[in-house]
>>> print(open('target_17.txt').read())   # compact mmCIF, C-alpha atoms
# COMPACT_ATOMS: atom_id res chain seq x y z
CA MET A 1 56.49 80.26 47.26
CA SER A 2 56.52 82.57 44.31
CA PHE A 3 56.46 85.54 46.70
CA LEU A 4 59.42 84.17 48.64
CA GLY A 5 61.24 83.46 45.41
CA SER A 6 60.71 86.98 44.17
CA PHE A 7 61.84 88.42 47.49
CA ARG A 8 64.94 86.27 47.42
CA ASN A 9 65.79 87.43 43.87
CA LEU A 10 65.27 91.05 44.86
CA LEU A 11 67.52 90.61 47.87
CA LEU A 12 70.22 89.06 45.72
CA ALA A 13 69.95 91.92 43.23
CA VAL A 14 70.28 94.51 46.00
CA CYS A 15 73.28 92.69 47.44
CA LEU A 16 74.87 92.51 43.99
CA MET A 17 74.32 96.23 43.49
CA LEU A 18 75.86 96.97 46.86
CA VAL A 19 78.91 94.83 46.03
CA LEU A 20 79.32 96.50 42.63
CA GLY A 21 78.93 99.91 44.23
CA PHE A 22 81.57 99.10 46.81
CA LEU A 23 83.97 97.89 44.12
CA TYR A 24 83.36 101.01 42.02
CA TYR A 25 83.89 103.25 45.05
CA SER A 26 87.07 101.41 46.00
CA ALA A 27 88.39 101.65 42.46
CA GLY A 28 87.67 105.38 42.48
CA LYS A 29 89.49 105.82 45.76
CA LEU A 30 92.46 103.91 44.41
CA HIS A 31 92.47 106.08 41.30
CA MET A 32 92.32 109.26 43.36
CA HIS A 33 95.09 107.92 45.58
CA GLY A 34 97.23 107.26 42.52
CA TRP A 35 96.44 110.70 41.10
CA GLY A 36 97.38 112.30 44.40
CA GLN A 37 100.58 110.32 44.40
CA GLU A 38 101.34 111.62 40.92
CA LEU A 39 100.76 115.17 42.14
CA ARG A 40 103.10 114.62 45.05
CA GLU A 41 105.71 113.16 42.73
CA SER A 42 105.40 116.09 40.32
CA SER A 43 105.89 118.50 43.20
CA THR A 44 109.24 116.83 43.91
CA GLU A 45 110.42 117.17 40.32
CA TYR A 46 112.85 119.86 41.52
CA ASP A 47 115.33 119.80 44.38
CA ARG A 48 115.21 122.15 47.35
CA LEU A 49 117.15 124.83 45.47
CA GLY A 50 114.90 124.66 42.42
CA PHE A 51 116.99 122.52 40.04
CA LEU A 52 115.41 119.80 37.92
CA LEU A 53 116.13 116.44 39.55
CA LYS A 54 116.20 114.13 36.53
CA LEU A 55 118.70 115.99 34.39
CA ASP A 56 119.81 112.92 32.46
CA SER A 57 116.25 112.16 31.31
CA ARG A 58 115.88 115.21 29.11
CA THR A 59 117.57 115.51 25.75
CA SER A 60 118.62 118.74 24.16
CA ALA A 61 115.53 118.71 21.93
CA GLU A 62 113.26 118.61 24.97
CA LEU A 63 114.81 121.68 26.55
CA SER A 64 113.69 125.18 25.75
CA TYR A 65 116.52 126.12 23.39
CA LYS A 66 115.74 125.98 19.69
CA ASN A 67 118.49 125.23 17.19
CA GLY A 68 117.12 127.90 14.86
CA ASN A 69 119.07 130.50 16.84
CA ILE A 70 122.45 129.42 15.45
CA THR A 71 124.33 132.42 14.06
CA GLU A 72 126.91 132.50 11.30
CA GLY A 73 130.02 130.79 12.63
CA GLY A 74 128.11 128.22 14.66
CA CYS A 75 127.41 130.21 17.83
CA ARG A 76 124.07 129.27 19.40
CA ARG A 77 122.47 132.51 20.47
CA GLY A 78 120.90 132.40 23.92
CA PHE A 79 121.84 128.75 24.40
CA ALA A 80 123.32 128.86 27.92
CA SER A 81 120.52 130.92 29.44
CA ALA A 82 117.85 128.77 27.77
CA GLN A 83 119.38 125.55 29.04
CA MET A 84 119.83 127.07 32.48
CA THR A 85 116.21 128.17 32.61
CA ALA A 86 115.11 124.67 31.58
CA ILE A 87 116.84 123.05 34.56
CA PHE A 88 116.42 126.02 36.92
CA PRO A 89 113.21 127.96 36.12
CA LYS A 90 114.06 130.72 38.62
CA PHE A 91 117.04 131.82 36.51
CA SER A 92 116.88 135.44 35.38
CA LYS A 93 119.42 136.52 32.79
CA PRO A 94 119.88 140.32 33.17
CA ALA A 95 122.99 140.92 35.28
CA PRO A 96 125.91 142.97 33.88
CA MET A 97 129.43 141.64 34.24
CA PHE A 98 130.89 144.72 35.87
CA LEU A 99 129.84 147.55 38.14
CA ASP A 100 129.03 150.85 36.46
CA ASN A 101 127.70 154.18 37.71
CA THR A 102 124.27 152.65 38.31
CA PHE A 103 125.62 150.17 40.88
CA LYS A 104 123.76 151.84 43.76
CA GLN A 105 120.46 150.99 42.08
CA TRP A 106 121.19 147.28 41.96
CA SER A 107 118.82 145.30 44.12
CA LYS A 108 120.35 144.27 47.45
CA LEU A 109 123.95 145.14 46.50
CA LYS A 110 123.96 147.90 49.07
CA ASP A 111 122.31 145.64 51.67
CA PHE A 112 125.26 143.23 51.90
CA VAL A 113 128.86 143.78 52.91
CA PRO A 114 131.61 142.20 50.74
CA PRO A 115 131.82 139.68 49.26
CA PHE A 116 128.04 139.55 48.73
CA GLY A 117 127.50 143.27 48.15
CA ILE A 118 129.07 146.71 48.36
CA LYS A 119 127.75 148.02 51.68
CA GLY A 120 130.29 150.41 53.19
CA GLN A 121 132.30 150.60 49.95
CA GLU A 122 130.09 152.95 47.94
CA ALA A 123 132.41 155.95 48.20
CA VAL A 124 135.61 154.17 47.17
CA ILE A 125 133.82 152.37 44.33
CA GLN A 126 132.46 155.68 43.05
CA LYS A 127 135.98 157.14 43.01
CA ILE A 128 137.39 154.13 41.17
CA LEU A 129 134.62 154.12 38.56
CA GLY A 130 135.18 157.83 38.06
CA ILE A 131 138.69 157.18 36.76
CA THR A 132 138.25 153.83 34.99
CA LYS A 133 135.23 155.14 32.99
CA HIS A 134 134.77 151.81 31.18
CA TYR A 135 132.19 149.31 32.41
CA THR A 136 131.80 146.69 29.68
CA LEU A 137 133.97 144.45 27.52
CA THR A 138 135.84 145.86 24.53
CA SER A 139 133.85 147.55 21.79
CA SER A 140 134.56 144.68 19.37
CA LEU A 141 133.26 142.07 21.82
CA ASP A 142 130.27 144.19 22.81
CA SER A 143 129.26 144.36 19.15
CA LEU A 144 129.06 140.58 18.75
CA SER A 145 125.52 139.24 18.45
CA CYS A 146 126.62 135.91 19.94
CA LYS A 147 129.49 135.28 22.35
CA ARG A 148 131.20 131.97 23.09
CA CYS A 149 133.04 132.07 26.41
CA ILE A 150 135.38 129.68 28.16
CA ILE A 151 136.52 129.76 31.78
CA MET A 152 139.98 128.32 32.27
CA GLY A 153 140.39 126.55 35.58
CA ASN A 154 143.86 126.01 37.01
CA GLY A 155 143.57 122.26 37.56
CA GLY A 156 146.27 119.82 36.55
CA ILE A 157 143.68 117.92 34.54
CA VAL A 158 144.27 120.26 31.60
CA ALA A 159 147.94 119.24 31.31
CA ASN A 160 148.93 117.27 28.21
CA LYS A 161 145.47 117.62 26.64
CA SER A 162 146.71 119.88 23.79
CA LEU A 163 143.56 122.01 23.96
CA GLY A 164 145.35 125.32 23.38
CA SER A 165 144.19 125.97 19.81
CA ARG A 166 140.61 125.00 20.67
CA ILE A 167 140.57 127.31 23.69
CA ASP A 168 141.81 130.24 21.61
CA GLU A 169 138.82 129.84 19.26
CA TYR A 170 136.44 131.18 21.92
CA ASP A 171 135.45 134.85 21.75
CA VAL A 172 136.05 135.41 25.46
CA VAL A 173 138.77 133.52 27.36
CA ILE A 174 138.54 134.01 31.12
CA ARG A 175 141.52 133.16 33.34
CA LEU A 176 141.73 133.15 37.12
CA ASN A 177 144.23 134.72 39.48
CA GLU A 178 147.90 134.17 38.66
CA ALA A 179 147.62 131.07 36.44
CA PRO A 180 150.36 131.52 33.82
CA VAL A 181 150.02 131.30 30.06
CA LYS A 182 153.56 131.60 28.75
CA GLY A 183 155.15 128.19 28.41
CA PHE A 184 151.81 126.38 28.62
CA GLU A 185 150.19 127.59 25.40
CA LYS A 186 149.86 124.08 23.94
CA ASP A 187 147.48 123.05 26.72
CA VAL A 188 145.84 126.29 27.87
CA GLY A 189 146.03 128.53 24.80
CA SER A 190 147.60 131.95 24.41
CA LYS A 191 144.54 134.20 24.44
CA THR A 192 143.33 136.05 27.54
CA THR A 193 140.31 138.33 27.43
CA LEU A 194 139.69 138.70 31.16
CA ARG A 195 141.76 137.81 34.17
CA ILE A 196 139.62 137.78 37.30
CA THR A 197 141.46 138.08 40.59
CA TYR A 198 141.35 139.21 44.18
CA PRO A 199 144.37 140.88 45.87
CA GLU A 200 146.04 137.75 47.23
CA GLY A 201 145.65 135.98 43.88
CA ALA A 202 146.88 138.77 41.61
CA ILE A 203 150.03 138.33 39.54
CA GLN A 204 152.93 139.99 41.37
CA LYS A 205 155.39 140.12 38.47
CA PRO A 206 154.31 142.89 36.04
CA ALA A 207 155.98 141.17 33.06
CA ARG A 208 153.54 138.26 33.32
CA TYR A 209 150.45 140.36 32.60
CA GLU A 210 148.95 139.90 29.13
CA ARG A 211 149.03 143.12 27.16
CA ASP A 212 145.53 143.01 25.68
CA SER A 213 143.55 141.58 28.59
CA LEU A 214 141.24 143.28 31.06
CA PHE A 215 142.06 143.22 34.76
CA VAL A 216 138.86 142.23 36.59
CA PHE A 217 138.81 142.79 40.35
CA ALA A 218 136.75 140.54 42.64
CA GLY A 219 136.28 141.98 46.12
CA PHE A 220 135.85 139.51 48.97
CA LYS A 221 136.45 141.81 51.95
CA PRO A 222 136.41 145.55 52.64
CA GLN A 223 140.20 145.78 52.58
CA ASP A 224 140.22 144.51 48.99
CA PHE A 225 138.53 147.66 47.71
CA LYS A 226 141.12 149.83 49.44
CA TRP A 227 143.79 147.76 47.68
CA LEU A 228 142.13 148.37 44.32
CA LYS A 229 142.07 152.11 44.96
CA TYR A 230 145.78 151.94 45.76
CA ILE A 231 146.40 150.07 42.48
CA VAL A 232 144.26 152.38 40.34
CA PHE A 233 145.47 155.69 41.79
CA LYS A 234 148.96 154.47 42.70
CA GLU A 235 148.86 156.46 45.91
CA LYS A 236 148.35 156.11 49.65
CA VAL A 237 144.78 155.60 50.72
CA VAL A 238 143.46 157.42 53.76
CA LEU A 239 140.70 155.64 55.63
CA SER A 240 138.42 157.46 58.02
CA LYS A 241 137.06 155.33 60.87
CA ASP A 242 135.22 158.34 62.22
CA GLU A 243 135.57 162.09 62.12
CA SER A 244 138.23 162.13 64.80
CA GLU A 245 140.47 159.26 63.76
CA LEU A 246 142.40 158.73 60.54
CA VAL A 247 144.23 155.58 59.55
CA VAL A 248 146.76 155.71 56.73
CA PHE A 249 146.83 152.69 54.45
CA THR A 250 150.55 152.88 53.64
CA SER A 251 151.02 149.56 51.86
CA PRO A 252 148.71 147.30 49.84
CA SER A 253 150.04 144.37 51.86
CA ASP A 254 148.41 145.59 55.08
CA GLY A 255 145.60 143.34 56.31
CA PHE A 256 145.87 140.41 53.88
CA TRP A 257 146.51 136.73 54.52
CA LYS A 258 149.47 136.67 52.11
CA SER A 259 151.57 139.13 50.16
CA VAL A 260 149.82 140.98 47.36
CA ALA A 261 150.85 142.88 44.26
CA THR A 262 151.92 146.48 44.77
CA PHE A 263 151.70 147.33 41.07
CA VAL A 264 149.48 146.19 38.21
CA PRO A 265 150.63 147.29 34.72
CA LYS A 266 147.15 148.25 33.55
CA GLU A 267 145.71 151.63 32.70
CA PRO A 268 142.49 152.59 34.52
CA LYS A 269 140.48 152.01 31.33
CA GLU A 270 141.63 148.35 31.40
CA ILE A 271 140.35 147.73 34.94
CA ARG A 272 136.87 146.47 35.83
CA ILE A 273 135.04 145.63 39.08
CA LEU A 274 133.21 142.30 39.02
CA ASN A 275 129.54 142.58 39.92
CA PRO A 276 129.25 141.11 43.48
CA TYR A 277 125.82 139.83 42.51
CA PHE A 278 127.50 136.76 41.01
CA ILE A 279 129.25 135.89 44.26
CA ARG A 280 125.95 136.06 46.14
CA GLU A 281 123.99 134.17 43.50
CA ALA A 282 126.58 131.41 43.22
CA ALA A 283 126.79 131.00 47.00
CA PHE A 284 123.17 131.14 48.10
CA THR A 285 120.98 130.54 45.03
CA PHE A 286 122.95 127.98 43.03
CA ILE A 287 125.08 126.10 45.58
CA GLY A 288 122.96 126.60 48.69
CA LEU A 289 125.73 127.65 51.06
CA PRO A 290 124.90 129.04 54.54
CA VAL A 291 123.73 132.65 54.36
CA ASN A 292 125.26 133.48 57.76
CA ASN A 293 123.36 136.80 57.89
CA GLY A 294 125.08 137.86 54.69
CA MET A 295 128.54 137.69 56.21
CA MET A 296 131.61 135.70 55.19
CA GLY A 297 131.75 132.55 57.31
CA ARG A 298 132.79 128.93 57.37
CA GLY A 299 132.06 127.21 54.07
CA ASN A 300 129.92 129.92 52.48
CA ILE A 301 132.27 131.46 49.90
CA PRO A 302 132.19 130.08 46.33
CA THR A 303 135.47 129.58 44.50
CA LEU A 304 136.44 132.18 41.94
CA GLY A 305 135.99 129.60 39.16
CA THR A 306 132.34 129.03 40.05
CA VAL A 307 131.79 132.78 40.35
CA ALA A 308 133.23 133.21 36.84
CA ILE A 309 130.91 130.52 35.48
CA THR A 310 127.94 132.24 37.12
CA MET A 311 128.95 135.51 35.48
CA ALA A 312 129.24 133.79 32.09
CA LEU A 313 125.77 132.22 32.34
CA HIS A 314 124.31 135.72 32.41
CA ASN A 315 126.52 137.30 29.76
CA CYS A 316 127.57 134.63 27.25
CA ASP A 317 125.53 132.68 24.70
CA GLU A 318 127.65 129.55 25.02
CA VAL A 319 129.77 128.63 28.06
CA ALA A 320 132.59 126.10 28.28
CA VAL A 321 135.12 125.25 30.96
CA ALA A 322 138.48 123.49 31.08
CA GLY A 323 140.79 122.63 33.94
CA PHE A 324 137.98 122.15 36.48
CA GLY A 325 137.71 119.27 38.92
CA TYR A 326 139.97 117.60 41.46
CA ASP A 327 140.39 113.84 41.49
CA MET A 328 140.93 113.00 45.15
CA ASN A 329 141.42 109.34 44.21
CA ALA A 330 144.68 110.30 42.49
CA PRO A 331 146.80 111.84 45.28
CA ASN A 332 149.94 111.93 43.12
CA ALA A 333 148.29 113.78 40.23
CA PRO A 334 149.31 117.44 39.74
CA LEU A 335 147.05 119.87 41.58
CA HIS A 336 147.68 122.69 39.10
CA TYR A 337 148.91 122.54 35.52
CA TYR A 338 151.77 124.97 36.19
CA GLU A 339 153.44 123.53 39.31
CA SER A 340 154.57 120.26 40.86
CA VAL A 341 152.30 120.36 43.93
CA LYS A 342 150.31 117.12 44.20
CA MET A 343 146.61 116.53 44.68
CA SER A 344 147.31 115.24 48.18
CA ALA A 345 148.22 118.80 49.20
CA ILE A 346 144.55 119.81 49.20
CA LYS A 347 143.32 120.45 52.69
CA GLU A 348 139.85 121.19 53.93
CA SER A 349 139.06 124.81 53.16
CA TRP A 350 137.61 127.09 55.81
CA THR A 351 135.80 129.27 53.29
CA HIS A 352 134.79 126.88 50.47
CA ASN A 353 132.56 123.82 50.27
CA ILE A 354 134.09 121.95 47.35
CA GLY A 355 131.61 119.06 47.61
CA LYS A 356 128.55 121.25 47.22
CA GLU A 357 130.19 123.25 44.44
CA LYS A 358 130.87 120.07 42.52
CA GLU A 359 127.19 119.08 42.85
CA PHE A 360 126.20 122.40 41.28
CA LEU A 361 128.71 122.16 38.43
CA ARG A 362 127.62 118.62 37.68
CA LYS A 363 124.06 119.88 37.30
CA LEU A 364 125.28 122.35 34.69
CA VAL A 365 127.13 119.64 32.76
CA LYS A 366 124.28 117.09 32.93
CA GLY A 367 121.78 119.76 31.92
CA GLN A 368 123.97 120.70 28.94
CA VAL A 369 124.25 124.26 30.22
CA ILE A 370 128.04 124.22 30.01
CA THR A 371 130.57 122.10 28.13
CA ASP A 372 133.45 120.59 30.11
CA LEU A 373 136.37 120.19 27.68
CA THR A 374 138.51 118.26 30.16
CA ALA A 375 135.69 116.14 31.65
CA GLY A 376 136.85 116.75 35.21
CA ILE A 377 133.56 117.84 36.77
>>> encode(input="target_17.txt", output="structure tokens")
Amino acid sequence: MSFLGSFRNLLLAVCLMLVLGFLYYSAGKLHMHGWGQELRESSTEYDRLGFLLKLDSRTSAELSYKNGNITEGGCRRGFASAQMTAIFPKFSKPAPMFLDNTFKQWSKLKDFVPPFGIKGQEAVIQKILGITKHYTLTSSLDSLSCKRCIIMGNGGIVANKSLGSRIDEYDVVIRLNEAPVKGFEKDVGSKTTLRITYPEGAIQKPARYERDSLFVFAGFKPQDFKWLKYIVFKEKVVLSKDESELVVFTSPSDGFWKSVATFVPKEPKEIRILNPYFIREAAFTFIGLPVNNGMMGRGNIPTLGTVAITMALHNCDEVAVAGFGYDMNAPNAPLHYYESVKMSAIKESWTHNIGKEKEFLRKLVKGQVITDLTAGI
């Protein structure tokens, strides 16, 4: 009996060990499963474009910018690019505002036709740069160790906000197309550093141009560059389709979807060409619009406002916006601050994807990359 008893105890011990081993193994598998799940979750920390998903969960102190970089006057040196890198690690800062004589060396610029590059326009750009001879901001702005920039949108949301004096405090005030200043100074300020425009959006009345501002050309199609040459040289432009055929560009209104300015009261030294890199980066890298083989197509062109913001992220230490955002739930609200057209007048755009642009701009606001003075984004 003692032998049987001992055998029974041994059998029970072996069974107990097997049970404990099974439980330990199962616990290990569960732990590994949980660890694997954590790895999978960490791999989805960023969206398909590369932006941090949980933007609201990180405070300013947790992002890469350090407050020790504040310069005299309160400007936070490197703030915008640091915040941008924190929510979008692929961001690379070096990208000059305007084309200069090294434009042919810029990666991929010559591989894309307008608006995403300069392919086919190298000769006319070289001629224009040869007479403008200035490729940066003004000497006083270039000398600043820290620049605070604001992009003024044209939205009606800026009306009656009395932000004019605050807007004028920025070092660089960027305005878009023909949005007027005179008569609206209380809300939009009186200062204009840059006015970015394409031919159809340019101011047509010479008296409305600000005396001390730079005229910044944004080219969206080949014809736009011919228009700029007309404006800079104030002469007819002769286009050569091939060696046997010449076409005379007799008017800057030829080939555009609406009338354009025939005269811009700016000297060549006051004219700049926006780097097309920002159009391409905004469209494909930041917003995720269809590449369409690098050609202009349905819904793959960013708005000029978003292009201007993209430019500022690379060249300004702090970036703010005002007058951005359309409230489609308020059809009777003013579409623009300077006219009576209502929000209901907005129609689906063939070239823009406003919904996707808004997603991108909201990422910038939530990630504290930009400051939205009118809270419209």
>>> residues_around(input="target_17.txt", residues="segment 330-335 of chain A", least_positions_apart="6", cutoff="7 Å", atoms="all atoms listed in the file", output="number ranges by chain")
A: 155-156, 341-344
>>> closest_atom_pairs(input="target_17.txt", of="segment 325-361 of chain A", to="segment 42-53 of chain A", cutoff="12 Å", atoms="all atoms listed in the file", output="JSON lines")
{"residue": "A:Glu359", "atom": "CA", "partner": "A:Phe51", "partner_atom": "CA", "distance": 11.1}
{"residue": "A:Phe360", "atom": "CA", "partner": "A:Phe51", "partner_atom": "CA", "distance": 9.3}
{"residue": "A:Leu361", "atom": "CA", "partner": "A:Phe51", "partner_atom": "CA", "distance": 11.8}
>>> write_last_selection(input="target_17.txt", atoms="C-alpha atoms", output="mmCIF file, in the coordinates of the input")
data_model
loop_
_atom_site.group_PDB
_atom_site.id
_atom_site.type_symbol
_atom_site.label_atom_id
_atom_site.label_comp_id
_atom_site.auth_asym_id
_atom_site.auth_seq_id
_atom_site.Cartn_x
_atom_site.Cartn_y
_atom_site.Cartn_z
ATOM 1 C CA GLU A 359 127.190 119.080 42.850
ATOM 2 C CA PHE A 360 126.200 122.400 41.280
ATOM 3 C CA LEU A 361 128.710 122.160 38.430
#
>>> closest_residue(input="target_17.txt", among="A:Val158, A:Asp171, A:Glu357, A:Lys119", to="Ser143 of chain A", atoms="only C-alpha atoms")
A:Asp171
>>> residues_around(input="target_17.txt", residues="segment 190-199 of chain A", least_positions_apart="3", cutoff="6 Å", atoms="all atoms listed in the file", output="ChimeraX atom specification")
/A:168,172-177,185,202,213-218,260
>>> closest_residue(input="target_17.txt", among="A:Gly201, A:Pro206, A:Gly294, A:Gly305", to="Phe324 of chain A", atoms="only C-alpha atoms")
A:Gly305
>>> closest_residue(input="target_17.txt", among="A:Gly288, A:Gly367, A:Gly74, A:Pro96", to="Arg148 of chain A", atoms="all atoms listed in the file")
A:Gly74
>>> atom_distance(input="target_17.txt", atom1="atom CA of Ala207 of chain A", atom2="atom CA of Ser165 of chain A")
23.4 Å
>>> closest_residue(input="target_17.txt", among="A:Gly299, A:Pro94, A:Gly323, A:Gly255", to="Gly355 of chain A", atoms="only C-alpha atoms")
A:Gly299
>>> atom_distance(input="target_17.txt", atom1="atom CA of Lys226 of chain A", atom2="atom CA of Asn275 of chain A")
16.7 Å
>>> closest_residue(input="target_17.txt", among="A:Glu200, A:Cys149, A:Ile87, A:Glu122", to="Lys258 of chain A", atoms="all atoms listed in the file")
A:Glu200
>>> closest_residue(input="target_17.txt", among="A:Ala312, A:Ile203, A:Ile377, A:Met328", to="Ile150 of chain A", atoms="all atoms listed in the file")
A:Ala312
>>> atom_distance(input="target_17.txt", atom1="atom CA of Ile271 of chain A", atom2="atom CA of Cys146 of chain A")
23.5 Å
>>> residues_around(input="target_17.txt", residues="Leu99 of chain A", least_positions_apart="5", cutoff="8 Å", atoms="all atoms listed in the file", output="list in words")
Tyr135, Arg272, Ile273, Leu274 and Asn275 of chain A
>>> axis_aligned_box(input="target_17.txt", around="segment 282-298 of chain A", padding_each_side="4 Å", output="AutoDock Vina command-line options")
--center_x 126.9 --center_y 132.0 --center_z 50.5 --size_x 19.8 --size_y 19.8 --size_z 22.9
